[in-house]
Structures are given as structure tokens and as C-alpha cells.
Amino acid sequence: MRLLLVEDSLNLRESLRIGLTREGFSVDVAGDGRTGLDHARNNPYDVIVLDLMLPQLDGLGVLAGLRQGERRPHVLILTARDRVEDRVKGLNAGADDYLVKPFSFEELLARLHALVRRRYGETDTRVAVGELELDTVARRATHAGSALELTSREYQTLEYLTLRRGEIVSREEIEDHVYGVNKLPSSNAIDSTICILRSKLGDAGRRLIRTKRGQGYVLEEPAA
């Protein structure tokens, strides 16, 4: 899933970028509010992690700017402001969650997974489509009870298709959620990843992930 981290502390920003990338997020970063708002308005993020005390434009200003745009990602405020009135102000300004520094990385991760599930209308950490099952927290996939050995990029692609099961998903949408601002894929990267996923899914691969010519791909339970 694609995430934007808006944090002015270079050390914390880099530490979180590395940690969240290792956990399977495609992470973009911004060190000030104006850059963060620009990224948020021009990219389809699933979640934004937002500090309140930012240069150029503070976190509440970023939230106000998001309300005026078409893109409405979920927002988790991550800040040192721990007063009740600050929490109320942040949540009333449009944030979906609020976490105070210092914090546990495990708690941040759990909250982010919960926001992603909410964004895609999921209530469980496990998502099944036919004999395919994904554990979105452990980042494991199985098919017909057998574990699938997937690279990070392959898992991210399969997870996104699974969360949007039954919908036609364009190559551009997959690129937007698997690659970040500064990571442009090769022209056939998505097609190649889909081909590998189908191969690893065995005989059911082409029936589970179908091509919609000129539109993209759809993952859904194969017809009986």
C-alpha cells in the first residue's frame, strides 16, 4: 500500500521510511507541509502519516488543503502534542487517527494496517478469494493451502488486486500503489509481475487474474 510520511525531523523521517518500507509499504516522504500537501493532491495515497508542527504549512493547514481536493486518503496524525484539546482539534479537522510521540513502532504499524483495512472496506486481517488467502499483517499469501513465495513487489501487486477484487484495475493504478514518486517502473514491469504471479498460482493463475484488454486486470474467484 502507498503511504506518505510528512515529518520535518530528518532522523525520524528516515527511520520511519526504512521501517515502513521493510513492512511492505511504498513510502514517499516530505519534510514540510507545503510539499506534503502537493504530494497528497497529486498521488493516490492510502494513508498519510502527518506531523502537526511543520515548516511552511502546519499539519492542520495540510488537513484543510486535503478537504478542498478530490483525493481523500486516511490520515494519521503523529505528533508530540499530547493535550486532549489538540487531539480533538486534529480529529475534528479531518484526521482519522491520532498517535502521540514518543510511540511504539508496532502500535503505529497496527494503526496503519487498520486504516488500510478501513479504506478498502475490510474488517479482517485475512482476505480470501477462492483458494487464495492473504494475511495482510503478516504479508503472507497461500493458495490451496500452500504458501506462495513472493518478492515484496509481487506481494504488493497481489495484495492490491485482492483488496480490489472484482474490480478492473488499470496498470496505472497498480503502478501508483506499488511504486513511489521517485521509482518509475519499466514499461512492462506490471505485465511481467502479473505473468509471474499467474505462474506461481499454477493452473488457476489465468482464471484467478484475468486480463481486460485495453483496461487492465481483475482478480476474482474463478467460475465453477
# chains A, B, ... in the order shown; residues from 1 in each chain; ligands from 1

call {"tool": "residues_around", "arguments": {"residues": "range 41-47 of chain A", "least_positions_apart": "2", "cutoff": "10 Å", "atoms": "only C-alpha atoms", "output": "PyMOL selection string"}}
result
chain A and resi 1-5+25-28+35-39+49-50+65-66+68-76+96+112-113+115-117+119-120+173+176-177+180-181

call {"tool": "select_by_dssp", "arguments": {"residues": "range 90-206 of chain A", "states": "alpha helix (DSSP H)", "output": "count of residues only"}}
result
52

call {"tool": "residues_around", "arguments": {"residues": "range 204-218 of chain A", "least_positions_apart": "2", "cutoff": "12 Å", "atoms": "only C-alpha atoms", "output": "VMD selection string"}}
result
chain A and resid 128 to 132 143 to 144 157 to 158 160 to 175 190 to 191 193 to 202 220 to 224

call {"tool": "select_by_dssp", "arguments": {"residues": "range 54-182 of chain A", "states": "strand (DSSP E)", "output": "PyMOL selection string"}}
result
chain A and resi 74-79+97-100+126-129+132-135+140-143+146-147

call {"tool": "residues_around", "arguments": {"residues": "Leu52 in chain A", "least_positions_apart": "6", "cutoff": "6 Å", "atoms": "only C-alpha atoms", "output": "list of chain:residue names"}}
result
A:Asp58, A:Gly59, A:Thr79

call {"tool": "atom_distance", "arguments": {"atom1": "CA of Glu23 in chain A", "atom2": "CA of Ile77 in chain A"}}
result
19.4 Å
